[in-house]
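What follows is the content of run-v4.txt, which has compact mmCIF, C-alpha atoms:
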```txt
# COMPACT_ATOMS: atom_id res chain seq x y z
CA MET A 1 66.47 101.86 104.09
CA LYS A 2 66.18 104.76 101.69
CA TRP A 3 69.21 106.54 100.22
CA LEU A 4 69.38 109.98 98.67
CA ALA A 5 71.33 110.05 95.43
CA PHE A 6 73.00 113.34 94.66
CA GLY A 7 74.35 114.50 91.31
CA ALA A 8 75.86 117.64 89.87
CA PRO A 9 74.44 121.09 90.58
CA VAL A 10 71.11 121.69 88.87
CA SER A 11 71.09 124.41 86.23
CA PRO A 12 67.99 126.47 85.39
CA HIS A 13 67.61 124.36 82.26
CA ASP A 14 67.56 121.04 84.10
CA GLU A 15 64.75 119.30 85.88
CA PRO A 16 65.78 119.13 89.55
CA SER A 17 64.23 115.70 89.85
CA SER A 18 66.76 114.33 87.35
CA HIS A 19 69.53 115.03 89.86
CA LEU A 20 67.83 114.15 93.12
CA THR A 21 65.89 110.95 93.59
CA THR A 22 64.80 108.87 96.53
CA THR A 23 65.06 105.16 95.80
CA GLU A 24 65.51 101.86 97.55
CA SER A 25 69.26 101.31 97.45
CA THR A 26 71.09 98.04 96.93
CA HIS A 27 74.34 99.85 97.61
CA THR A 28 76.67 97.93 99.86
CA PRO A 29 79.32 100.17 101.41
CA THR A 30 82.90 99.19 100.70
CA PRO A 31 84.81 98.76 103.97
CA MET A 32 87.17 101.63 104.73
CA SER A 33 86.00 103.62 101.69
CA GLU A 34 85.30 107.32 101.37
CA SER A 35 81.65 108.19 101.96
CA ARG A 36 79.35 108.55 98.94
CA ARG A 37 78.46 112.00 100.26
CA MET A 38 82.05 113.20 100.01
CA GLN A 39 82.57 111.47 96.67
CA ALA A 40 79.79 113.68 95.31
CA VAL A 41 81.58 116.87 96.40
CA GLN A 42 83.73 118.50 93.75
CA ARG A 43 87.47 118.40 94.31
CA PRO A 44 88.72 121.98 94.73
CA VAL A 45 91.19 122.98 92.03
CA ILE A 46 93.16 125.21 94.40
CA PRO A 47 95.43 122.31 95.51
CA ASP A 48 96.04 121.41 91.85
CA VAL A 49 97.05 124.97 91.00
CA ALA A 50 99.18 125.10 94.15
CA ALA A 51 100.97 121.93 93.04
CA LEU A 52 101.72 123.54 89.67
CA ILE A 53 103.13 126.59 91.43
CA ARG A 54 105.32 124.44 93.68
CA ALA A 55 106.69 122.69 90.60
CA HIS A 56 107.50 126.10 89.08
CA PRO A 57 108.74 128.15 92.06
CA ASP A 58 109.32 131.36 90.11
CA THR A 59 105.60 131.62 89.32
CA ILE A 60 103.77 134.82 90.26
CA SER A 61 100.39 133.79 91.64
CA LEU A 62 97.37 135.93 90.82
CA GLY A 63 95.17 133.24 92.29
CA GLN A 64 94.90 133.64 96.06
CA GLY A 65 91.94 135.51 97.50
CA VAL A 66 93.62 137.38 100.34
CA VAL A 67 95.04 140.85 100.90
CA HIS A 68 98.74 141.72 100.83
CA TYR A 69 98.68 143.61 104.14
CA GLY A 70 98.46 142.37 107.72
CA PRO A 71 96.30 143.19 110.73
CA PRO A 72 96.49 146.54 112.54
CA GLU A 73 98.87 147.00 115.44
CA SER A 74 95.91 147.08 117.82
CA SER A 75 95.26 143.41 116.98
CA PHE A 76 98.76 142.45 118.04
CA GLU A 77 98.44 144.52 121.20
CA ALA A 78 95.19 142.75 122.06
CA VAL A 79 96.78 139.36 121.45
CA ALA A 80 99.79 140.28 123.61
CA ARG A 81 97.44 140.83 126.54
CA PHE A 82 95.86 137.40 126.10
CA GLY A 83 96.55 134.35 128.22
CA ARG A 84 97.68 135.71 131.57
CA SER A 85 94.61 134.35 133.33
CA VAL A 86 93.98 130.60 133.52
CA SER A 87 90.30 131.16 132.75
CA GLU A 88 91.22 132.56 129.34
CA HIS A 89 92.40 129.09 128.37
CA HIS A 90 89.06 127.52 129.22
CA TYR A 91 86.06 127.23 126.92
CA GLN A 92 84.32 130.56 126.50
CA ALA A 93 80.86 131.65 125.34
CA ALA A 94 79.71 129.68 122.30
CA ALA A 95 78.35 132.79 120.56
CA GLY A 96 81.50 134.86 121.14
CA LEU A 97 83.14 136.97 123.83
CA PRO A 98 80.77 139.61 125.27
CA PRO A 99 83.13 142.54 124.46
CA LEU A 100 83.40 141.36 120.85
CA GLN A 101 79.63 140.91 120.68
CA ASP A 102 79.15 144.49 121.86
CA ALA A 103 81.69 145.85 119.35
CA LEU A 104 80.10 143.91 116.50
CA ARG A 105 76.64 145.17 117.34
CA ALA A 106 77.96 148.74 117.20
CA LYS A 107 79.72 148.05 113.90
CA LEU A 108 76.64 146.44 112.34
CA GLU A 109 74.46 149.38 113.33
CA SER A 110 76.83 152.13 112.20
CA GLU A 111 78.21 150.55 109.02
CA ASN A 112 75.59 148.08 107.82
CA ARG A 113 72.47 149.78 109.21
CA ILE A 114 71.58 146.48 110.87
CA ARG A 115 70.16 147.09 114.32
CA LEU A 116 69.73 143.76 116.01
CA ARG A 117 66.31 143.09 117.46
CA ASP A 118 65.17 140.68 120.12
CA HIS A 119 64.17 138.10 117.51
CA GLN A 120 67.71 138.01 116.05
CA VAL A 121 70.96 136.43 117.19
CA LEU A 122 74.61 137.34 116.63
CA MET A 123 77.13 134.48 116.59
CA VAL A 124 80.90 134.60 116.18
CA THR A 125 82.29 131.72 114.12
CA ALA A 126 85.61 130.40 112.83
CA GLY A 127 85.32 132.35 109.58
CA SER A 128 82.25 133.02 107.47
CA ASN A 129 82.59 129.64 105.71
CA MET A 130 81.74 128.02 109.03
CA ALA A 131 78.84 130.43 109.45
CA PHE A 132 77.53 129.35 106.05
CA TYR A 133 77.72 125.68 107.00
CA HIS A 134 76.03 126.36 110.33
CA ALA A 135 73.21 128.07 108.43
CA LEU A 136 72.79 125.11 106.06
CA LEU A 137 72.58 122.63 108.91
CA ALA A 138 70.09 124.87 110.72
CA ILE A 139 67.64 125.38 107.86
CA CYS A 140 67.96 122.40 105.51
CA ASP A 141 67.06 118.72 105.53
CA PRO A 142 68.73 116.16 103.23
CA GLY A 143 67.46 116.64 99.69
CA ASP A 144 66.50 120.28 100.15
CA GLU A 145 67.61 122.78 97.51
CA VAL A 146 69.68 125.93 97.89
CA VAL A 147 69.86 128.42 95.03
CA ILE A 148 73.29 129.84 94.25
CA MET A 149 74.25 132.26 91.51
CA SER A 150 76.31 131.03 88.58
CA PRO A 151 79.27 131.49 88.68
CA PHE A 152 79.29 130.26 92.26
CA TYR A 153 81.81 130.41 95.10
CA PHE A 154 83.08 126.83 95.13
CA ASN A 155 83.12 126.45 98.94
CA HIS A 156 79.41 127.32 99.05
CA GLU A 157 78.60 124.69 96.42
CA MET A 158 80.78 122.14 98.21
CA ALA A 159 79.17 122.87 101.59
CA ILE A 160 75.68 122.41 100.16
CA CYS A 161 76.64 118.99 98.81
CA MET A 162 78.35 118.04 102.08
CA ALA A 163 75.09 118.83 103.90
CA ASN A 164 73.33 116.31 101.60
CA CYS A 165 71.47 119.12 99.89
CA GLN A 166 71.17 120.10 96.24
CA PRO A 167 72.81 123.24 94.83
CA VAL A 168 70.58 124.78 92.17
CA LEU A 169 72.19 127.25 89.78
CA ALA A 170 70.57 130.55 88.78
CA GLU A 171 72.36 132.00 85.77
CA THR A 172 73.48 135.60 86.05
CA ASP A 173 73.46 138.01 83.09
CA ALA A 174 76.41 138.82 80.85
CA SER A 175 77.74 141.20 83.52
CA TYR A 176 77.37 138.55 86.25
CA GLN A 177 74.47 140.43 87.87
CA PRO A 178 71.58 138.37 89.32
CA GLN A 179 68.36 137.99 87.34
CA LEU A 180 65.24 137.88 89.49
CA ASP A 181 63.13 136.09 86.89
CA VAL A 182 65.72 133.35 86.57
CA ILE A 183 65.96 132.95 90.34
CA GLU A 184 62.19 132.72 90.58
CA SER A 185 62.07 130.16 87.77
CA VAL A 186 64.31 127.66 89.59
CA LEU A 187 62.41 127.73 92.90
CA THR A 188 60.61 124.53 93.83
CA ASP A 189 58.83 123.19 96.88
CA ARG A 190 62.21 121.86 98.06
CA THR A 191 63.93 125.27 97.97
CA ARG A 192 65.03 126.50 101.37
CA ALA A 193 67.30 129.47 100.64
CA VAL A 194 68.75 131.80 98.03
CA VAL A 195 72.42 132.77 98.42
CA THR A 196 73.93 136.06 97.25
CA ILE A 197 77.56 137.23 97.48
CA SER A 198 78.14 140.95 97.07
CA PRO A 199 80.78 142.18 96.47
CA ASN A 200 81.19 138.97 94.55
CA ASN A 201 83.63 136.10 94.49
CA PRO A 202 84.56 135.11 91.76
CA ALA A 203 83.26 137.87 89.47
CA GLY A 204 84.18 141.00 91.45
CA VAL A 205 80.80 142.60 90.72
CA VAL A 206 78.79 144.61 93.23
CA TYR A 207 75.10 143.71 93.07
CA ARG A 208 72.75 146.62 92.56
CA THR A 209 70.82 147.62 95.68
CA GLU A 210 67.51 147.22 93.87
CA ASP A 211 68.42 143.67 92.82
CA ILE A 212 69.44 142.60 96.32
CA THR A 213 66.25 144.18 97.65
CA ALA A 214 64.19 142.29 95.08
CA VAL A 215 65.84 138.97 95.97
CA ASN A 216 65.22 139.60 99.66
CA GLU A 217 61.57 140.43 99.02
CA LEU A 218 61.15 137.33 96.85
CA CYS A 219 62.49 135.23 99.71
CA ARG A 220 60.11 136.91 102.16
CA GLN A 221 57.12 136.26 99.92
CA ARG A 222 58.07 132.62 99.30
CA GLY A 223 58.98 131.82 102.90
CA LEU A 224 62.67 131.27 102.07
CA TYR A 225 65.87 132.33 103.75
CA HIS A 226 68.12 134.87 102.07
CA ILE A 227 71.75 134.05 102.93
CA SER A 228 73.83 137.16 102.24
CA ASP A 229 77.62 136.64 102.16
CA GLU A 230 79.27 140.02 102.75
CA ALA A 231 82.91 139.04 103.32
CA TYR A 232 84.14 141.72 100.87
CA GLU A 233 81.95 144.53 102.19
CA TYR A 234 84.81 147.10 102.39
CA PHE A 235 86.11 146.42 98.88
CA THR A 236 84.09 148.64 96.55
CA TYR A 237 85.48 151.08 94.00
CA GLY A 238 84.33 154.18 92.16
CA ASP A 239 80.68 154.98 92.74
CA SER A 240 79.78 151.45 93.86
CA ARG A 241 78.60 150.96 97.42
CA HIS A 242 78.02 147.86 99.50
CA PHE A 243 74.44 147.20 100.63
CA SER A 244 73.35 144.83 103.40
CA PRO A 245 69.89 143.31 102.85
CA GLY A 246 69.67 142.77 106.60
CA SER A 247 69.07 146.52 106.89
CA LEU A 248 65.79 146.29 104.99
CA GLU A 249 62.50 146.71 106.80
CA ASP A 250 60.82 143.31 107.32
CA SER A 251 64.02 141.41 106.44
CA SER A 252 65.13 140.36 109.92
CA ARG A 253 63.02 137.20 110.18
CA HIS A 254 64.31 135.56 106.99
CA THR A 255 67.77 137.06 106.34
CA ILE A 256 71.03 135.40 107.40
CA SER A 257 73.98 137.78 107.04
CA LEU A 258 77.58 136.51 106.98
CA PHE A 259 80.69 138.61 107.66
CA SER A 260 84.42 138.03 107.97
CA PHE A 261 87.62 139.51 109.38
CA SER A 262 89.74 137.56 106.90
CA LYS A 263 89.72 140.07 104.07
CA ALA A 264 89.47 143.67 105.27
CA TYR A 265 91.67 143.21 108.34
CA GLY A 266 94.15 140.68 106.96
CA LEU A 267 93.17 138.05 109.53
CA ALA A 268 92.62 135.13 107.14
CA SER A 269 94.64 132.56 109.08
CA TRP A 270 93.04 133.55 112.40
CA ARG A 271 89.68 132.18 111.24
CA VAL A 272 87.16 134.55 112.75
CA GLY A 273 83.85 135.66 111.26
CA TYR A 274 80.30 136.26 112.43
CA MET A 275 76.68 135.92 111.42
CA VAL A 276 73.33 137.53 112.10
CA ALA A 277 70.35 135.19 111.95
CA PRO A 278 66.74 134.90 113.13
CA ARG A 279 66.62 133.83 116.78
CA LYS A 280 64.32 130.91 115.91
CA LEU A 281 67.44 129.24 114.51
CA LEU A 282 69.44 129.70 117.72
CA SER A 283 68.98 126.18 119.08
CA ALA A 284 70.10 124.62 115.79
CA LEU A 285 73.03 127.01 115.46
CA GLU A 286 74.14 126.28 119.01
CA LYS A 287 74.06 122.53 118.34
CA SER A 288 76.22 122.95 115.27
CA GLN A 289 78.62 125.39 116.95
CA ASP A 290 79.03 123.23 120.03
CA THR A 291 79.60 120.05 118.03
CA ILE A 292 82.00 121.42 115.44
CA LEU A 293 83.80 124.16 117.35
CA ILE A 294 82.55 124.42 120.97
CA CYS A 295 83.53 128.09 120.94
CA PRO A 296 85.40 130.38 118.55
CA PRO A 297 89.17 130.53 119.27
CA VAL A 298 89.48 133.11 122.02
CA ILE A 299 92.85 134.46 120.90
CA SER A 300 91.41 135.06 117.42
CA GLN A 301 88.48 136.90 118.94
CA ARG A 302 90.92 139.13 120.81
CA ALA A 303 92.67 139.89 117.53
CA ALA A 304 89.30 140.71 115.93
CA LEU A 305 88.39 143.00 118.81
CA GLY A 306 91.70 144.81 118.33
CA ALA A 307 90.91 145.17 114.62
CA LEU A 308 87.58 146.78 115.41
CA GLU A 309 89.37 149.24 117.69
CA ALA A 310 91.42 150.32 114.67
CA GLY A 311 88.23 150.49 112.61
CA ARG A 312 87.48 150.83 108.97
CA GLN A 313 89.84 153.79 108.65
CA TYR A 314 92.72 151.34 108.98
CA CYS A 315 91.55 149.50 105.87
CA THR A 316 90.74 152.54 103.72
CA PRO A 317 94.27 153.41 102.47
CA PHE A 318 94.87 149.79 101.49
CA VAL A 319 91.54 149.60 99.65
CA GLU A 320 92.40 152.81 97.78
CA GLU A 321 95.74 151.30 96.75
CA ILE A 322 94.02 148.09 95.62
CA ALA A 323 91.60 150.21 93.59
CA ARG A 324 94.53 151.63 91.61
CA VAL A 325 95.90 148.13 91.05
CA ARG A 326 92.46 147.01 89.87
CA GLN A 327 92.37 149.78 87.27
CA MET A 328 95.79 148.77 85.97
CA CYS A 329 94.66 145.15 85.63
CA MET A 330 91.45 146.17 83.87
CA ASP A 331 93.35 148.35 81.42
CA ARG A 332 95.81 145.60 80.58
CA LEU A 333 93.09 142.99 80.00
CA ASN A 334 90.78 145.33 78.10
CA ALA A 335 93.57 145.79 75.56
CA LEU A 336 92.99 142.13 74.60
CA SER A 337 89.33 142.72 73.70
CA PRO A 338 87.33 141.24 71.99
CA ASP A 339 89.19 137.95 72.46
CA CYS A 340 89.32 138.56 76.22
CA VAL A 341 86.26 140.16 77.84
CA VAL A 342 86.16 141.31 81.46
CA PRO A 343 82.75 142.60 82.60
CA ARG A 344 82.61 145.55 84.98
CA ALA A 345 84.02 144.52 88.36
CA ASP A 346 83.66 147.21 91.03
CA GLY A 347 84.18 145.09 94.12
CA ALA A 348 86.21 142.47 96.00
CA PHE A 349 89.62 141.99 94.35
CA TYR A 350 88.79 139.69 91.45
CA LEU A 351 88.33 139.95 87.71
CA LEU A 352 86.59 137.17 85.79
CA ALA A 353 87.80 137.05 82.21
CA ARG A 354 86.05 135.25 79.33
CA LEU A 355 88.41 133.99 76.64
CA ASP A 356 87.63 133.25 73.00
CA THR A 357 89.44 129.92 72.89
CA GLU A 358 88.50 126.29 72.51
CA SER A 359 90.92 125.32 75.27
CA GLY A 360 89.53 124.43 78.68
CA SER A 361 90.24 126.75 81.56
CA MET A 362 92.45 124.27 83.46
CA ALA A 363 94.51 123.63 80.32
CA VAL A 364 94.99 127.38 79.93
CA VAL A 365 96.07 127.69 83.58
CA GLU A 366 98.61 124.90 83.11
CA ARG A 367 100.11 126.67 80.10
CA LEU A 368 100.22 130.00 81.92
CA VAL A 369 102.13 128.45 84.82
CA THR A 370 104.50 126.19 82.88
CA GLU A 371 105.25 128.51 79.95
CA PHE A 372 104.76 132.03 81.31
CA GLY A 373 105.26 131.77 85.08
CA VAL A 374 101.92 133.19 86.20
CA ALA A 375 99.01 131.47 87.95
CA VAL A 376 95.28 132.23 88.01
CA ILE A 377 92.24 130.13 88.94
CA PRO A 378 90.33 128.25 86.20
CA GLY A 379 86.66 129.03 85.75
CA VAL A 380 85.75 125.37 86.07
CA ALA A 381 86.22 125.81 89.84
CA PHE A 382 83.21 128.14 89.82
CA GLY A 383 81.00 125.95 87.64
CA LEU A 384 81.95 127.66 84.35
CA THR A 385 82.52 124.77 81.96
CA ASP A 386 81.10 125.88 78.61
CA ILE A 387 83.42 128.84 77.89
CA CYS A 388 86.97 129.35 79.14
CA HIS A 389 86.98 131.69 82.13
CA LEU A 390 89.83 132.73 84.39
CA ARG A 391 89.64 134.39 87.81
CA ILE A 392 92.42 136.92 88.36
CA ALA A 393 93.03 138.01 91.97
CA TYR A 394 94.88 141.31 92.38
CA GLY A 395 94.81 141.90 96.15
CA ALA A 396 97.30 139.38 97.53
CA LEU A 397 100.55 140.91 96.22
CA GLU A 398 102.31 144.25 96.39
CA PRO A 399 101.35 146.49 93.44
CA HIS A 400 104.69 146.15 91.63
CA THR A 401 104.46 142.34 91.83
CA VAL A 402 100.89 142.38 90.49
CA GLU A 403 102.12 144.49 87.58
CA ALA A 404 104.89 142.00 86.86
CA GLY A 405 102.34 139.20 87.03
CA MET A 406 100.06 141.04 84.62
CA ASP A 407 102.96 141.41 82.18
CA ARG A 408 103.32 137.64 82.18
CA LEU A 409 99.58 137.02 82.05
CA VAL A 410 98.96 139.34 79.09
CA ARG A 411 101.92 137.90 77.22
CA GLY A 412 100.63 134.38 77.83
CA LEU A 413 97.05 135.20 76.87
CA GLU A 414 98.20 136.87 73.66
CA GLU A 415 99.99 133.66 72.71
CA ILE A 416 97.12 131.40 73.74
CA LEU A 417 94.47 133.48 71.99
CA LYS A 418 96.37 133.25 68.72
CA GLY A 419 95.21 129.65 68.65
```
Encoded form (structure tokens):
Amino acid sequence: MKWLAFGAPVSPHDEPSSHLTTTESTHTPTPMSESRRMQAVQRPVIPDVAALIRAHPDTISLGQGVVHYGPPESSFEAVARFGRSVSEHHYQAAAGLPPLQDALRAKLESENRIRLRDHQVLMVTAGSNMAFYHALLAICDPGDEVVIMSPFYFNHEMAICMANCQPVLAETDASYQPQLDVIESVLTDRTRAVVTISPNNPAGVVYRTEDITAVNELCRQRGLYHISDEAYEYFTYGDSRHFSPGSLEDSSRHTISLFSFSKAYGLASWRVGYMVAPRKLLSALEKSQDTILICPPVISQRAALGALEAGRQYCTPFVEEIARVRQMCMDRLNALSPDCVVPRADGAFYLLARLDTESGSMAVVERLVTEFGVAVIPGVAFGLTDICHLRIAYGALEPHTVEAGMDRLVRGLEEILKG
């Protein structure tokens, strides 16, 4: 029997073969032990930060990636109408309720300029994280490589490892924008896909349209899939605009687009998202959907349909308010320059700060919680281990609470940066 040995994510400066080998294994499984596959997956730091917060209950958390507002009233009205018929409690269509499918097609065409063709499929999922995992299972074999930008979204990196595949890191530039030449340099004959997230988690940047277009074209030329995570599509500020690569001519046969209701409509706990993919993947996607989920939760789909009835105009005032909070956070952190540098972040609701300190990011987070009563997420969660980085989330709390949290954060960073 042959075993695949998996190591840490491959950086552009590593030889992929040093992290992925096929050898005859003398490994004897330990009874009742955790699988080697799951042992190779990084432990998320979110539970560790949450434990710190629980131990210090007065902590203001600038860590969670959600919005501070809830769903529109039309979602609650739709949910209130659910469940009166016995059939509504039975399994429903694996790809999503027909009325929600219709509403999503209209939304994709009007907002994303994605007009679904016969050779494409639309599937509703339990959040876009599930859509990402479905895509991996549909397109990858064990040992295949998936290129992700560094810094990466930790759940993407974890999912790739869980699928027995190899995450390969493509370094972004000093502003966290993708670099086409670097992406091209890490492609091998095992590469199956390139992943982009714009607006970005964890950096908050919005990728330039020309860069996303170039990545999509590179994937087309190389016969690769372009997986485009667009969960934060509504959260752009100033002159920045979201761009969907699935709208490009000749992109429909190799682009997999992921979307979510969790962020814009405040439906995070309802777990409902959706994906657009080439129809040639339908059989594989259906196998994964049926095995893992059977069908998306029907009550959540009703809530999503109610959210679409409210439309983007429901989200706009909240996004405008978050934009003002973002500017306040930027101003406060920029005052700490050059010891604290925050590149331009015109999207999502995150700032990724680089600190001039020899302390590790988790050690800094521990001090911020225990000594200053404020929590953020350490950069090590996103693969940033050489320099101390912190992700600051400013969307989950009311503006006055974010401001209080920033008071604590700036005071703590001033003390820490003194050395």
For segment 79-82 of chain A, find every residue with an atom within 10 Å (counting only C-alpha atoms), except residues of its own chain fewer than 3 positions away, and show them as a list in words. Glu73, Ser74, Ser75, Phe76, Ser85, Glu88, His89, Val298, Ile299, Ser300, Gln301, Arg302, Ala303, Ala304, Leu305 and Gly306 of chain A
Output file for the residues above (C-alpha atoms, as an mmCIF file, keeping the file's coordinate frame):
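Listed below is the output, result-v4.cif:
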```
data_model
loop_
_atom_site.group_PDB
_atom_site.id
_atom_site.type_symbol
_atom_site.label_atom_id
_atom_site.label_comp_id
_atom_site.auth_asym_id
_atom_site.auth_seq_id
_atom_site.Cartn_x
_atom_site.Cartn_y
_atom_site.Cartn_z
ATOM 1 C CA GLU A 73 98.870 147.000 115.440
ATOM 2 C CA SER A 74 95.910 147.080 117.820
ATOM 3 C CA SER A 75 95.260 143.410 116.980
ATOM 4 C CA PHE A 76 98.760 142.450 118.040
ATOM 5 C CA SER A 85 94.610 134.350 133.330
ATOM 6 C CA GLU A 88 91.220 132.560 129.340
ATOM 7 C CA HIS A 89 92.400 129.090 128.370
ATOM 8 C CA VAL A 298 89.480 133.110 122.020
ATOM 9 C CA ILE A 299 92.850 134.460 120.900
ATOM 10 C CA SER A 300 91.410 135.060 117.420
ATOM 11 C CA GLN A 301 88.480 136.900 118.940
ATOM 12 C CA ARG A 302 90.920 139.130 120.810
ATOM 13 C CA ALA A 303 92.670 139.890 117.530
ATOM 14 C CA ALA A 304 89.300 140.710 115.930
ATOM 15 C CA LEU A 305 88.390 143.000 118.810
ATOM 16 C CA GLY A 306 91.700 144.810 118.330
#
```
Between A:Thr401, A:Tyr91, A:Val365, A:Leu384, single out the one closest to Leu169 of chain A, counting only C-alpha atoms. A:Leu384
If we count only C-alpha atoms and set the cut-off at 12 Å, which residues sit around Ser128 of chain A, ignoring sequence neighbours fewer than 6 positions away in its own chain? Please answer as a count of residues only. 28
With 4 Å of padding per side, what axis-aligned box (centre and edge lengths, Å, one decimal) covers all the listed atoms of segment 161-173 of chain A? Give it as JSON.
```
{"center_x": 74.5, "center_y": 127.2, "center_z": 93.5, "size_x": 15.8, "size_y": 29.7, "size_z": 28.8}
```
Nearest residue to Glu77 of chain A from the set A:Ala51, A:Val147, A:Val195, A:Ala310 (distances using only C-alpha atoms):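 That would be A:Ala310, the residue with the smallest distance to Glu77 of chain A.
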I'd like the interatomic distance between atom CA of Ala170 of chain A and atom CA of Thr236 of chain A, to a tenth of an Å.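 Separation of atom CA of Ala170 of chain A and atom CA of Thr236 of chain A: 23.9 Å.
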Residues near Ala348 of chain A, cut-off 6 Å, all atoms listed in the file, skip fewer than 3 positions along chain, as a CSV table (one decimal) with C-alpha atoms, in the frame of the given file:
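Okay, out-v9.csv is ready:
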```
chain,number,residue,atom,x,y,z
A,199,PRO,CA,80.8,142.2,96.5
A,204,GLY,CA,84.2,141.0,91.4
A,232,TYR,CA,84.1,141.7,100.9
A,235,PHE,CA,86.1,146.4,98.9
```
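Restricting the calculation to all atoms listed in the file, the smallest distance between Thr213 of chain A and any of A:Ser244, A:Ser87, A:Gln39, A:Gln289 is found for A:Ser244.
Within 12 Å of the file-frame point (81.5, 144.7, 119.4), and using all atoms listed in the file, the polymer residues found are Gly96, Leu97, Pro98, Pro99, Leu100, Gln101, Asp102, Ala103, Leu104, Arg105, Ala106, Lys107, Leu108, Glu109, Ser110, Leu122, Met123, Val124, Tyr274, Gln301, Arg302, Ala304, Leu305, Gly306, Ala307, Leu308, Glu309 and Gly311 of chain A.
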A:Leu285, A:Lys280, A:Thr370, A:Tyr234 ranked by distance to Glu320 of chain A, top pick (using all atoms listed in the file):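 Distance minimum relative to Glu320 of chain A lands on A:Tyr234.
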Shortest interatomic distance to Asn201 of chain A - which of A:His68, A:Ala393, A:Leu267, A:Ile183, counting all atoms listed in the file: A:Ala393
Atom-to-atom span, atom CA of Arg43 of chain A and atom CA of Thr196 of chain A, Å: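 Distance between the two atoms: 22.4 Å.
Between atom CA of Val376 of chain A and atom CA of Leu413 of chain A the separation is 11.7 Å.
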Using all atoms listed in the file: which of A:Val41, A:Ala163, A:Leu52, A:Val168 has the shortest distance to Ala363 of chain A: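 Selected residue with least distance to Ala363 of chain A: A:Leu52.
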Write out as a CSV table (one decimal) with C-alpha atoms, keeping the file's coordinate frame each polymer residue whose atoms come within 10 Å of Gly63 of chain A, counting all atoms listed in the file; drop sequence neighbours fewer than 5 positions from it.
```
chain,number,residue,atom,x,y,z
A,46,ILE,CA,93.2,125.2,94.4
A,49,VAL,CA,97.0,125.0,91.0
A,50,ALA,CA,99.2,125.1,94.2
A,350,TYR,CA,88.8,139.7,91.4
A,374,VAL,CA,101.9,133.2,86.2
A,375,ALA,CA,99.0,131.5,88.0
A,376,VAL,CA,95.3,132.2,88.0
A,377,ILE,CA,92.2,130.1,88.9
A,378,PRO,CA,90.3,128.2,86.2
A,390,LEU,CA,89.8,132.7,84.4
A,391,ARG,CA,89.6,134.4,87.8
A,392,ILE,CA,92.4,136.9,88.4
A,393,ALA,CA,93.0,138.0,92.0
A,394,TYR,CA,94.9,141.3,92.4
A,395,GLY,CA,94.8,141.9,96.2
A,396,ALA,CA,97.3,139.4,97.5
```
List the neighbours of segment 247-251 of chain A out to 7 Å using all atoms listed in the file; skip same-chain residues closer than 3 positions along the sequence, and give me the result as a list in words.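 Contacts, in chain order: Asn112, Arg113, Ile114, Ser244, His254 and Thr255 of chain A.
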